[in-house]
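S.K.: Right, I'll just put the structure down here and ask away after.
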Amino acid sequence: MTQTDPSPATGDPDDLARHAQKMARKKAARDRMMETKTGEKGLIIVHTGPGKGKSSSGFGMIMRCIAHGMPSAVVQFIKGAWDTGERRLLTAHFADLCQFHSMGEGFTWETQDKSRDIAAAQAGWAKAQELIRDPAIRMVLLDEINIAFRYGYLDVAEVLAFLQAEKPPMTHVVLTGRGAPESLVEAADLVTEMTQVKHPFRSGIKAQAGVEF
């Protein structure tokens, strides 16, 4: 009869002891590291990359702010004409804590009018500046603003100069959209790049409620 390895559910006593010691050392190291992280500041946060989830992550942060009773705001660029689940939820149930401004008219291939797209983006940025200047608003989500940079509707240098000069110290600003300009990536405090491994659109599946919008 051959001896089998102990069941993961029970475990070998020596292995359990080694694991406990290893985790104790890891916790002690983690605690020492956390003792050095005491600062707080308003962050510039970028969600970019070709994968899905950039806006979803931004809206997740907005919901966290709402859960903490922190006033927040959303300015949607480009796809602002979409009827999304996030928009319905925030405007119907959390309008007292989150302002929602849909400033876009759709993607550029939908409007087919560059002057209208530029005007919409400029109006969105004007509203964003107003919201960011208000120190009572703790987080402002600029959804799909990176697309406005990409098409030249907004000047990223102008936006960065404003954030540096006028953003209140404790205000978080989240900028989403693929193709974030390098200067924005360099200036940001937190940058996440979403990668795409698989997407159902490539298999002929259309955008679906609850997943894409």
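In the structure tokens, chains take letters A, B, ... by order of appearance, with residues numbered from 1 within each chain and ligands from 1 in the order shown.
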Any idea what's packed within 12 Å of segment 53-62 of chain A, counting only C-alpha atoms, ignoring anything in its chain fewer than 5 positions away? Could you give it as number ranges by chain?
M.R.: A: 45-48, 67-77, 79, 84-87, 89-90, 94, 97-100, 137-146, 172-180, 191-196, 199, 210-213
S.K.: What's around Glu40 of chain A at 12 Å? Count only C-alpha atoms, leave out sequence neighbours fewer than 4 positions away in its own chain, and write the answer as an mmCIF file with N, CA and C atoms, in the first residue's frame.
M.R.:
data_model
loop_
_atom_site.group_PDB
_atom_site.id
_atom_site.type_symbol
_atom_site.label_atom_id
_atom_site.label_comp_id
_atom_site.auth_asym_id
_atom_site.auth_seq_id
_atom_site.Cartn_x
_atom_site.Cartn_y
_atom_site.Cartn_z
ATOM 1 N N PRO A 169 -6.641 69.807 -3.027
ATOM 2 C CA PRO A 169 -5.674 68.785 -2.598
ATOM 3 C C PRO A 169 -6.252 67.404 -2.336
ATOM 4 N N MET A 170 -7.525 67.335 -1.909
ATOM 5 C CA MET A 170 -8.088 66.038 -1.547
ATOM 6 C C MET A 170 -9.104 65.520 -2.559
ATOM 7 N N THR A 171 -9.169 66.113 -3.721
ATOM 8 C CA THR A 171 -10.109 65.669 -4.758
ATOM 9 C C THR A 171 -9.454 64.627 -5.650
ATOM 10 N N HIS A 172 -10.152 63.507 -5.859
ATOM 11 C CA HIS A 172 -9.702 62.476 -6.781
ATOM 12 C C HIS A 172 -10.336 62.726 -8.151
ATOM 13 N N ASP A 189 -1.164 59.530 -10.623
ATOM 14 C CA ASP A 189 -0.708 58.823 -9.421
ATOM 15 C C ASP A 189 -0.987 57.330 -9.503
#
S.K.: Just list as a VMD selection string whatever in segment 2-170 of chain A DSSP marks as helix (DSSP H, G or I).
M.R.: chain A and resid 13 to 35 54 to 67 85 to 93 108 to 111 114 to 133 145 to 150 156 to 166
S.K.: Give the answer as one residue: which of A:Arg133, A:Arg30, A:Ser102, A:Ala119 has the shortest atom-to-atom distance to Ala165 of chain A, using only C-alpha atoms?
M.R.: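 Once distances to Ala165 of chain A are computed over only C-alpha atoms, the minimum belongs to A:Arg133.
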S.K.: As a list in words, list the residues of segment 3-212 of chain A assigned to strand (DSSP E) by DSSP on the backbone atoms of this structure.
M.R.: Ile44, Ile45, Val46, His47, Thr48, Ser72, Ala73, Val74, Val75, Gln76, Cys98, Gln99, Phe100, His101, Ser102, Met139, Val140, Leu141, Leu142, Asp143, His172, Val173, Val174, Leu175, Thr176, Leu190, Val191, Thr192 and Glu193 of chain A
S.K.: Mind writing the picked residues with N, CA and C atoms as a PDB file, in the first residue's frame?
M.R.:
ATOM      1  N   ILE A  44      -4.815  61.543  -9.104  1.00  0.00           N
ATOM      2  CA  ILE A  44      -5.160  61.510 -10.525  1.00  0.00           C
ATOM      3  C   ILE A  44      -5.059  60.051 -10.945  1.00  0.00           C
ATOM      4  N   ILE A  45      -6.187  59.490 -11.367  1.00  0.00           N
ATOM      5  CA  ILE A  45      -6.301  58.053 -11.625  1.00  0.00           C
ATOM      6  C   ILE A  45      -6.661  57.843 -13.088  1.00  0.00           C
ATOM      7  N   VAL A  46      -5.941  56.957 -13.761  1.00  0.00           N
ATOM      8  CA  VAL A  46      -6.162  56.693 -15.182  1.00  0.00           C
ATOM      9  C   VAL A  46      -6.484  55.224 -15.388  1.00  0.00           C
ATOM     10  N   HIS A  47      -7.586  54.957 -16.084  1.00  0.00           N
ATOM     11  CA  HIS A  47      -7.931  53.601 -16.521  1.00  0.00           C
ATOM     12  C   HIS A  47      -7.893  53.594 -18.043  1.00  0.00           C
ATOM     13  N   THR A  48      -6.981  52.830 -18.596  1.00  0.00           N
ATOM     14  CA  THR A  48      -6.799  52.844 -20.048  1.00  0.00           C
ATOM     15  C   THR A  48      -6.544  51.429 -20.549  1.00  0.00           C
ATOM     16  N   SER A  72     -19.754  63.160  -5.108  1.00  0.00           N
ATOM     17  CA  SER A  72     -18.975  62.836  -6.296  1.00  0.00           C
ATOM     18  C   SER A  72     -19.708  63.331  -7.526  1.00  0.00           C
ATOM     19  N   ALA A  73     -19.080  63.174  -8.676  1.00  0.00           N
ATOM     20  CA  ALA A  73     -19.690  63.642  -9.921  1.00  0.00           C
ATOM     21  C   ALA A  73     -19.137  62.842 -11.092  1.00  0.00           C
ATOM     22  N   VAL A  74     -19.953  62.731 -12.135  1.00  0.00           N
ATOM     23  CA  VAL A  74     -19.569  62.046 -13.367  1.00  0.00           C
ATOM     24  C   VAL A  74     -19.802  62.990 -14.536  1.00  0.00           C
ATOM     25  N   VAL A  75     -18.795  63.090 -15.403  1.00  0.00           N
ATOM     26  CA  VAL A  75     -18.962  63.773 -16.687  1.00  0.00           C
ATOM     27  C   VAL A  75     -18.629  62.752 -17.763  1.00  0.00           C
ATOM     28  N   GLN A  76     -19.612  62.441 -18.600  1.00  0.00           N
ATOM     29  CA  GLN A  76     -19.402  61.474 -19.674  1.00  0.00           C
ATOM     30  C   GLN A  76     -19.103  62.195 -20.976  1.00  0.00           C
ATOM     31  N   CYS A  98     -24.283  62.219  -6.042  1.00  0.00           N
ATOM     32  CA  CYS A  98     -23.507  62.152  -7.284  1.00  0.00           C
ATOM     33  C   CYS A  98     -24.199  62.921  -8.398  1.00  0.00           C
ATOM     34  N   GLN A  99     -23.556  63.974  -8.870  1.00  0.00           N
ATOM     35  CA  GLN A  99     -24.042  64.679 -10.049  1.00  0.00           C
ATOM     36  C   GLN A  99     -23.648  63.878 -11.298  1.00  0.00           C
ATOM     37  N   PHE A 100     -24.542  63.816 -12.266  1.00  0.00           N
ATOM     38  CA  PHE A 100     -24.281  63.042 -13.482  1.00  0.00           C
ATOM     39  C   PHE A 100     -24.550  63.931 -14.688  1.00  0.00           C
ATOM     40  N   HIS A 101     -23.517  64.117 -15.507  1.00  0.00           N
ATOM     41  CA  HIS A 101     -23.628  64.990 -16.672  1.00  0.00           C
ATOM     42  C   HIS A 101     -23.195  64.228 -17.921  1.00  0.00           C
ATOM     43  N   SER A 102     -24.137  63.949 -18.801  1.00  0.00           N
ATOM     44  CA  SER A 102     -23.851  63.275 -20.070  1.00  0.00           C
ATOM     45  C   SER A 102     -23.654  64.343 -21.137  1.00  0.00           C
ATOM     46  N   MET A 139     -14.737  63.159  -5.566  1.00  0.00           N
ATOM     47  CA  MET A 139     -14.259  62.419  -6.735  1.00  0.00           C
ATOM     48  C   MET A 139     -15.037  62.858  -7.961  1.00  0.00           C
ATOM     49  N   VAL A 140     -14.302  63.072  -9.059  1.00  0.00           N
ATOM     50  CA  VAL A 140     -14.915  63.407 -10.346  1.00  0.00           C
ATOM     51  C   VAL A 140     -14.433  62.392 -11.369  1.00  0.00           C
ATOM     52  N   LEU A 141     -15.389  61.684 -11.975  1.00  0.00           N
ATOM     53  CA  LEU A 141     -15.083  60.703 -13.021  1.00  0.00           C
ATOM     54  C   LEU A 141     -15.263  61.355 -14.381  1.00  0.00           C
ATOM     55  N   LEU A 142     -14.199  61.391 -15.170  1.00  0.00           N
ATOM     56  CA  LEU A 142     -14.229  61.922 -16.536  1.00  0.00           C
ATOM     57  C   LEU A 142     -14.220  60.718 -17.475  1.00  0.00           C
ATOM     58  N   ASP A 143     -15.408  60.212 -17.744  1.00  0.00           N
ATOM     59  CA  ASP A 143     -15.538  58.958 -18.472  1.00  0.00           C
ATOM     60  C   ASP A 143     -15.310  59.152 -19.966  1.00  0.00           C
ATOM     61  N   HIS A 172     -10.152  63.507  -5.859  1.00  0.00           N
ATOM     62  CA  HIS A 172      -9.702  62.476  -6.781  1.00  0.00           C
ATOM     63  C   HIS A 172     -10.336  62.726  -8.151  1.00  0.00           C
ATOM     64  N   VAL A 173      -9.547  62.591  -9.202  1.00  0.00           N
ATOM     65  CA  VAL A 173     -10.058  62.722 -10.565  1.00  0.00           C
ATOM     66  C   VAL A 173      -9.697  61.451 -11.324  1.00  0.00           C
ATOM     67  N   VAL A 174     -10.722  60.807 -11.889  1.00  0.00           N
ATOM     68  CA  VAL A 174     -10.539  59.552 -12.616  1.00  0.00           C
ATOM     69  C   VAL A 174     -10.779  59.816 -14.096  1.00  0.00           C
ATOM     70  N   LEU A 175      -9.819  59.441 -14.939  1.00  0.00           N
ATOM     71  CA  LEU A 175      -9.912  59.651 -16.380  1.00  0.00           C
ATOM     72  C   LEU A 175      -9.870  58.294 -17.068  1.00  0.00           C
ATOM     73  N   THR A 176     -10.903  57.977 -17.849  1.00  0.00           N
ATOM     74  CA  THR A 176     -10.972  56.671 -18.483  1.00  0.00           C
ATOM     75  C   THR A 176     -10.924  56.783 -20.004  1.00  0.00           C
ATOM     76  N   LEU A 190      -2.048  56.972 -10.187  1.00  0.00           N
ATOM     77  CA  LEU A 190      -2.458  55.574 -10.299  1.00  0.00           C
ATOM     78  C   LEU A 190      -2.905  55.313 -11.734  1.00  0.00           C
ATOM     79  N   VAL A 191      -2.287  54.338 -12.375  1.00  0.00           N
ATOM     80  CA  VAL A 191      -2.609  54.004 -13.766  1.00  0.00           C
ATOM     81  C   VAL A 191      -2.842  52.505 -13.865  1.00  0.00           C
ATOM     82  N   THR A 192      -3.966  52.136 -14.448  1.00  0.00           N
ATOM     83  CA  THR A 192      -4.270  50.733 -14.694  1.00  0.00           C
ATOM     84  C   THR A 192      -4.547  50.547 -16.178  1.00  0.00           C
ATOM     85  N   GLU A 193      -3.886  49.569 -16.774  1.00  0.00           N
ATOM     86  CA  GLU A 193      -4.106  49.270 -18.191  1.00  0.00           C
ATOM     87  C   GLU A 193      -4.873  47.956 -18.299  1.00  0.00           C
TER      88      GLU A 193
END
S.K.: Report, in Å to a single decimal, how far apart atom CA of Trp125 of chain A and atom CA of Ser183 of chain A are.
M.R.: 18.0 Å
S.K.: Between atom CA of Leu163 of chain A and atom CA of Lys127 of chain A, what distance in Å does the model show, to one decimal?
M.R.: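 According to the coordinates, atom CA of Leu163 of chain A and atom CA of Lys127 of chain A are separated by 13.8 Å.
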S.K.: Measure the distance from atom CA of Ile78 of chain A to atom CA of Ala120 of chain A in Å and round it to one decimal.
M.R.: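 So the two atoms, atom CA of Ile78 of chain A and atom CA of Ala120 of chain A, lie 8.0 Å apart.
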